[in-house]
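Let me begin by presenting the structure, written as structure tokens, before commenting on it.
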Amino acid sequence: MRAYTEYLTFNTPERTAFINITEQVNQALFKSSIKEGLCLVNAMHITASVFINDEEEGLKEDFKLWLEKLAPHGARYQHNATGEDNGHAHLKRTVMGREVMVAVTKGKLDFGPWEAIFYGEFDGQRPKRVLVKIIGE
Amino acid sequence: MRAYTEYLTFNTPERTAFINITEQVNQALFKSSIKEGLCLVNAMHITASVFINDEEEGLKEDFKLWLEKLAPHGARYQHNATGEDNGHAHLKRTVMGREVMVAVTKGKLDFGPWEAIFYGEFDGQRPKRVLVKIIGE
Amino acid sequence: MRAYTEYLTFNTPERTAFINITEQVNQALFKSSIKEGLCLVNAMHITASVFINDEEEGLKEDFKLWLEKLAPHGARYQHNATGEDNGHAHLKRTVMGREVMVAVTKGKLDFGPWEAIFYGEFDGQRPKRVLVKIIGE
């Protein structure tokens with residue numbers, strides 16, 4: 001069994017952003033030389049997300065508006081009593097998820113036709129990391 | 001380490017459906033001959049879901065009504081400007097999740113008493129795939 | 001490849017509770033002697049959750065209030081026609097997630113600065129299990 005580990009860093013100019021990281025994960029897989037196995041991609045920060053959906057601009061706007069309705073930035077959060085103002089971002093990341101697992105088959109991410117991996121940032125403007133861990137043979 | 005890959009295809013007559021696929025995953029595990037490891041089951045389409053919950057009819061109806069409230073079919077979605085009308089389905093699948101990981105112990109899916117694996121379809125009436133990937137020994 | 005399996009049991013005095021289980025997972029990893037691999041932690045019951053977020057009291061209260069708004073205990077659920085009154089708990093667990101996957105790197109859970117693993121209980125007051133499965137080398 002082989003294991004490969006890589007850390008990606010993102011520092012978004014906006015507080016909320018969705019970044020397609022499929023190509024970076026593809027490159028990590030290529031470097032790993034793993035042909036059959038599993039690939040974990042997870043946000044290492046708790047106000048960010050890694051998820052799989054469609055590379056389509058309208059949909060990204062739909063996600064932002066929907067998340068703002070489910071967990072408004074301006075609502076009252078007890079977490080914000082710590083001096084933070086990112087209570088909403090912890091909830092938004094929970095809806096979108098922390099991580100994805102992708103099968104590795106014949107040396108490729110085994111994806112359906114529209115699957116793409118996104119980094120979802122809900123409290124950006126500072127460097128934050130994403131972990132790629134691949135195990136297999 | 002061994003790896004086993006199988007693709008299941010679903011074509012539901014309704015646009016929204018929940019299908020218990022536990023037995024199909026059990027059979028994939030049996031074919032794999034893997035005794036200890038991890039089993040990934042994921043939707044390969046981005047308007048569908050794989051999740052674990054209870055095989056109970058009332059609960060399935062609760063999920064449908066609840067998702068319709070969280071992401072109504074008839075709301076305005078920018079994604080639908082592409083000509084699609086499945087914006088809601090991308091959001092519903094996000095709530096339910098894309099994938100599950102199940103431990104394989106002594107040759108079996110290591111489940112609690114009520115756990116069952118479901119395929120969740122939110123934009124059906126066409127063939128869509130689910131991936132089963134098992135690695136271990 | 002090695003595999004390690006451990007079952008943790010929780011019996012919370014309250015129906016809703018969040019318990020930080022990071023140390024128990026750390027100890028399972030230590031016992032496994034695995035240095036590189038993947039660690040799955042999942043609820044084995046369908047009204048409970050395993051998730052990763054921040055060890056901060058205010059945030060835990062925010063989660064509880066938010067989940068109560070998304071899936072109120074007192075709303076009508078068809079699932080409750082079975083004699084249960086935990087319909088809400090199935091939905092809450094769905095929002096929070098069933099499982100987490102954590103990378104194992106150099107013998108440690110490969111975590112960002114604030115990541116902690118929580119057991120989320122939404123229908124407690126009875127013994128319920130969590131599975132820790134680690135594979136790697």
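Here, A, B, ... name the chains of the structure tokens in the order displayed, residue numbers run from 1 inside each chain, and ligands are numbered from 1 in the same displayed order.
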Next item on the list: Taking the chain letters and numbering used in this document, name the residues of chain A that DSSP puts in strand (DSSP E or B), as a PyMOL selection string.
Entry: chain A and resi 2-10+17-20+37-43+48-53+99-105+108-109+116-121+128-136
Could you write out that same residue set with C-alpha atoms as an mmCIF file, in the first residue's frame?
data_model
loop_
_atom_site.group_PDB
_atom_site.id
_atom_site.type_symbol
_atom_site.label_atom_id
_atom_site.label_comp_id
_atom_site.auth_asym_id
_atom_site.auth_seq_id
_atom_site.Cartn_x
_atom_site.Cartn_y
_atom_site.Cartn_z
ATOM 1 C CA ARG A 2 1.168 3.503 -0.825
ATOM 2 C CA ALA A 3 0.118 6.774 0.731
ATOM 3 C CA TYR A 4 0.475 10.267 -0.684
ATOM 4 C CA THR A 5 -0.167 13.542 1.179
ATOM 5 C CA GLU A 6 -0.398 17.061 -0.195
ATOM 6 C CA TYR A 7 -1.540 20.353 1.303
ATOM 7 C CA LEU A 8 -3.095 23.068 -0.869
ATOM 8 C CA THR A 9 -3.353 26.642 0.433
ATOM 9 C CA PHE A 10 -6.041 29.156 -0.492
ATOM 10 C CA ALA A 17 -15.834 31.972 -2.576
ATOM 11 C CA PHE A 18 -16.133 28.711 -4.497
ATOM 12 C CA ILE A 19 -12.963 27.528 -6.244
ATOM 13 C CA ASN A 20 -12.791 24.559 -8.618
ATOM 14 C CA GLY A 37 -7.487 3.341 -4.219
ATOM 15 C CA LEU A 38 -9.267 6.149 -2.423
ATOM 16 C CA CYS A 39 -8.639 9.878 -2.404
ATOM 17 C CA LEU A 40 -9.733 12.054 0.526
ATOM 18 C CA VAL A 41 -9.957 15.819 0.042
ATOM 19 C CA ASN A 42 -10.907 17.840 3.120
ATOM 20 C CA ALA A 43 -10.937 21.402 4.382
ATOM 21 C CA ALA A 48 -14.520 26.110 4.892
ATOM 22 C CA SER A 49 -15.791 23.192 2.870
ATOM 23 C CA VAL A 50 -14.821 20.734 0.175
ATOM 24 C CA PHE A 51 -17.708 19.468 -1.936
ATOM 25 C CA ILE A 52 -18.549 18.031 -5.340
ATOM 26 C CA ASN A 53 -21.040 19.643 -7.663
ATOM 27 C CA GLU A 99 -14.753 16.493 2.827
ATOM 28 C CA VAL A 100 -15.180 14.287 -0.193
ATOM 29 C CA MET A 101 -13.972 10.783 -0.930
ATOM 30 C CA VAL A 102 -13.236 9.964 -4.548
ATOM 31 C CA ALA A 103 -12.502 6.523 -5.946
ATOM 32 C CA VAL A 104 -9.248 6.123 -7.893
ATOM 33 C CA THR A 105 -9.680 3.683 -10.793
ATOM 34 C CA LYS A 108 -7.887 8.498 -12.566
ATOM 35 C CA LEU A 109 -10.444 10.142 -10.294
ATOM 36 C CA ALA A 116 -16.013 18.656 -10.073
ATOM 37 C CA ILE A 117 -14.364 19.266 -6.682
ATOM 38 C CA PHE A 118 -14.809 22.683 -5.093
ATOM 39 C CA TYR A 119 -13.209 24.475 -2.205
ATOM 40 C CA GLY A 120 -15.946 26.457 -0.451
ATOM 41 C CA GLU A 121 -14.776 29.410 1.610
ATOM 42 C CA LYS A 128 -6.311 28.287 4.771
ATOM 43 C CA ARG A 129 -5.373 24.724 3.882
ATOM 44 C CA VAL A 130 -6.932 21.753 2.132
ATOM 45 C CA LEU A 131 -5.593 18.222 2.598
ATOM 46 C CA VAL A 132 -5.334 15.662 -0.193
ATOM 47 C CA LYS A 133 -4.619 12.127 1.030
ATOM 48 C CA ILE A 134 -4.487 9.216 -1.387
ATOM 49 C CA ILE A 135 -4.009 5.583 -0.426
ATOM 50 C CA GLY A 136 -3.864 2.557 -2.661
#
Item checked: Distance-based interface of chain A with chain B, 6 Å, counting only C-alpha atoms, as JSON, numbers by chain -> {"A": [53, 58, 59, 62, 112]}
Check: To one decimal place, how far is CA of Leu65 in chain B from CA of Phe122 in chain C in Å?
Finding: 20.2 Å
Next item on the list: Find, counting only C-alpha atoms, the residue in C:Glu115, C:Pro72, C:Phe30, C:Gln24 that gets nearest to Glu56 in chain C.
Entry: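 The answer is C:Glu115, which sits nearest to Glu56 in chain C.
Interatomic distance, CA of Asp123 in chain C to CA of Ala89 in chain C: 6.2 Å.
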Note to self: Which residue is closest to His73 in chain B? Choose from B:Glu55, B:Lys31, B:Thr12, B:Asp85 and count only C-alpha atoms.
What the structure shows: B:Asp85
Next item on the list: Output as an MDAnalysis selection string all residues of range 19-80 of chain A that backbone DSSP marks as alpha helix (DSSP H).
Entry: chainID A and resid 22:32 57:70
Once you have the residues from the selection above, write them out as a compact mmCIF listing (two decimals), in the first residue's frame, restricted to N, CA, C and O atoms.
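Ended up saving to again.txt:
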# COMPACT_ATOMS: atom_id res chain seq x y z
N THR A 22 -10.42 20.75 -8.95
CA THR A 22 -10.32 19.42 -9.56
C THR A 22 -8.93 19.20 -10.16
O THR A 22 -8.32 18.12 -10.00
N GLU A 23 -8.41 20.21 -10.85
CA GLU A 23 -7.13 20.03 -11.53
C GLU A 23 -5.99 19.84 -10.52
O GLU A 23 -5.09 19.02 -10.74
N GLN A 24 -6.05 20.55 -9.41
CA GLN A 24 -5.02 20.36 -8.38
C GLN A 24 -5.06 18.94 -7.78
O GLN A 24 -4.03 18.35 -7.49
N VAL A 25 -6.27 18.43 -7.62
CA VAL A 25 -6.38 17.06 -7.08
C VAL A 25 -5.91 16.05 -8.13
O VAL A 25 -5.21 15.09 -7.81
N ASN A 26 -6.26 16.29 -9.39
CA ASN A 26 -5.74 15.45 -10.48
C ASN A 26 -4.22 15.39 -10.47
O ASN A 26 -3.62 14.33 -10.67
N GLN A 27 -3.60 16.54 -10.27
CA GLN A 27 -2.13 16.58 -10.28
C GLN A 27 -1.55 15.85 -9.07
O GLN A 27 -0.52 15.17 -9.19
N ALA A 28 -2.19 15.98 -7.93
CA ALA A 28 -1.73 15.23 -6.75
C ALA A 28 -1.81 13.74 -7.03
O ALA A 28 -0.89 12.98 -6.72
N LEU A 29 -2.90 13.32 -7.66
CA LEU A 29 -3.06 11.90 -7.98
C LEU A 29 -1.97 11.44 -8.94
O LEU A 29 -1.38 10.36 -8.76
N PHE A 30 -1.67 12.25 -9.94
CA PHE A 30 -0.62 11.91 -10.89
C PHE A 30 0.72 11.74 -10.16
O PHE A 30 1.45 10.76 -10.37
N LYS A 31 1.04 12.68 -9.26
CA LYS A 31 2.30 12.60 -8.50
C LYS A 31 2.35 11.36 -7.61
O LYS A 31 3.41 10.81 -7.35
N SER A 32 1.19 10.93 -7.13
CA SER A 32 1.16 9.78 -6.20
C SER A 32 1.48 8.46 -6.89
O SER A 32 1.84 7.49 -6.23
N GLU A 57 -21.81 28.77 -13.25
CA GLU A 57 -21.81 30.03 -12.49
C GLU A 57 -23.13 30.31 -11.78
O GLU A 57 -23.14 30.77 -10.63
N GLY A 58 -24.25 30.07 -12.48
CA GLY A 58 -25.55 30.33 -11.87
C GLY A 58 -25.74 29.51 -10.60
O GLY A 58 -26.23 30.01 -9.58
N LEU A 59 -25.34 28.25 -10.67
CA LEU A 59 -25.49 27.37 -9.51
C LEU A 59 -24.69 27.87 -8.32
O LEU A 59 -25.14 27.80 -7.18
N LYS A 60 -23.49 28.39 -8.59
CA LYS A 60 -22.68 28.92 -7.47
C LYS A 60 -23.41 30.08 -6.80
O LYS A 60 -23.39 30.20 -5.57
N GLU A 61 -24.06 30.93 -7.59
CA GLU A 61 -24.85 32.02 -7.00
C GLU A 61 -26.04 31.47 -6.21
O GLU A 61 -26.36 31.98 -5.14
N ASP A 62 -26.67 30.43 -6.76
CA ASP A 62 -27.79 29.81 -6.04
C ASP A 62 -27.34 29.29 -4.67
O ASP A 62 -28.03 29.47 -3.67
N PHE A 63 -26.17 28.63 -4.66
CA PHE A 63 -25.65 28.13 -3.38
C PHE A 63 -25.44 29.28 -2.39
O PHE A 63 -25.83 29.19 -1.22
N LYS A 64 -24.85 30.37 -2.85
CA LYS A 64 -24.56 31.50 -1.94
C LYS A 64 -25.85 32.08 -1.35
O LYS A 64 -25.93 32.32 -0.14
N LEU A 65 -26.85 32.31 -2.22
CA LEU A 65 -28.11 32.89 -1.74
C LEU A 65 -28.82 31.93 -0.78
O LEU A 65 -29.38 32.36 0.24
N TRP A 66 -28.79 30.67 -1.11
CA TRP A 66 -29.47 29.65 -0.30
C TRP A 66 -28.82 29.52 1.08
O TRP A 66 -29.51 29.51 2.11
N LEU A 67 -27.50 29.48 1.08
CA LEU A 67 -26.78 29.38 2.36
C LEU A 67 -27.01 30.63 3.20
O LEU A 67 -27.11 30.54 4.43
N GLU A 68 -27.09 31.78 2.56
CA GLU A 68 -27.34 33.02 3.30
C GLU A 68 -28.72 32.99 3.95
O GLU A 68 -28.91 33.52 5.04
N LYS A 69 -29.67 32.32 3.27
CA LYS A 69 -31.00 32.19 3.86
C LYS A 69 -30.98 31.18 5.02
O LYS A 69 -31.59 31.41 6.06
N LEU A 70 -30.26 30.08 4.85
CA LEU A 70 -30.24 29.04 5.90
C LEU A 70 -29.47 29.50 7.13
O LEU A 70 -29.79 29.12 8.26
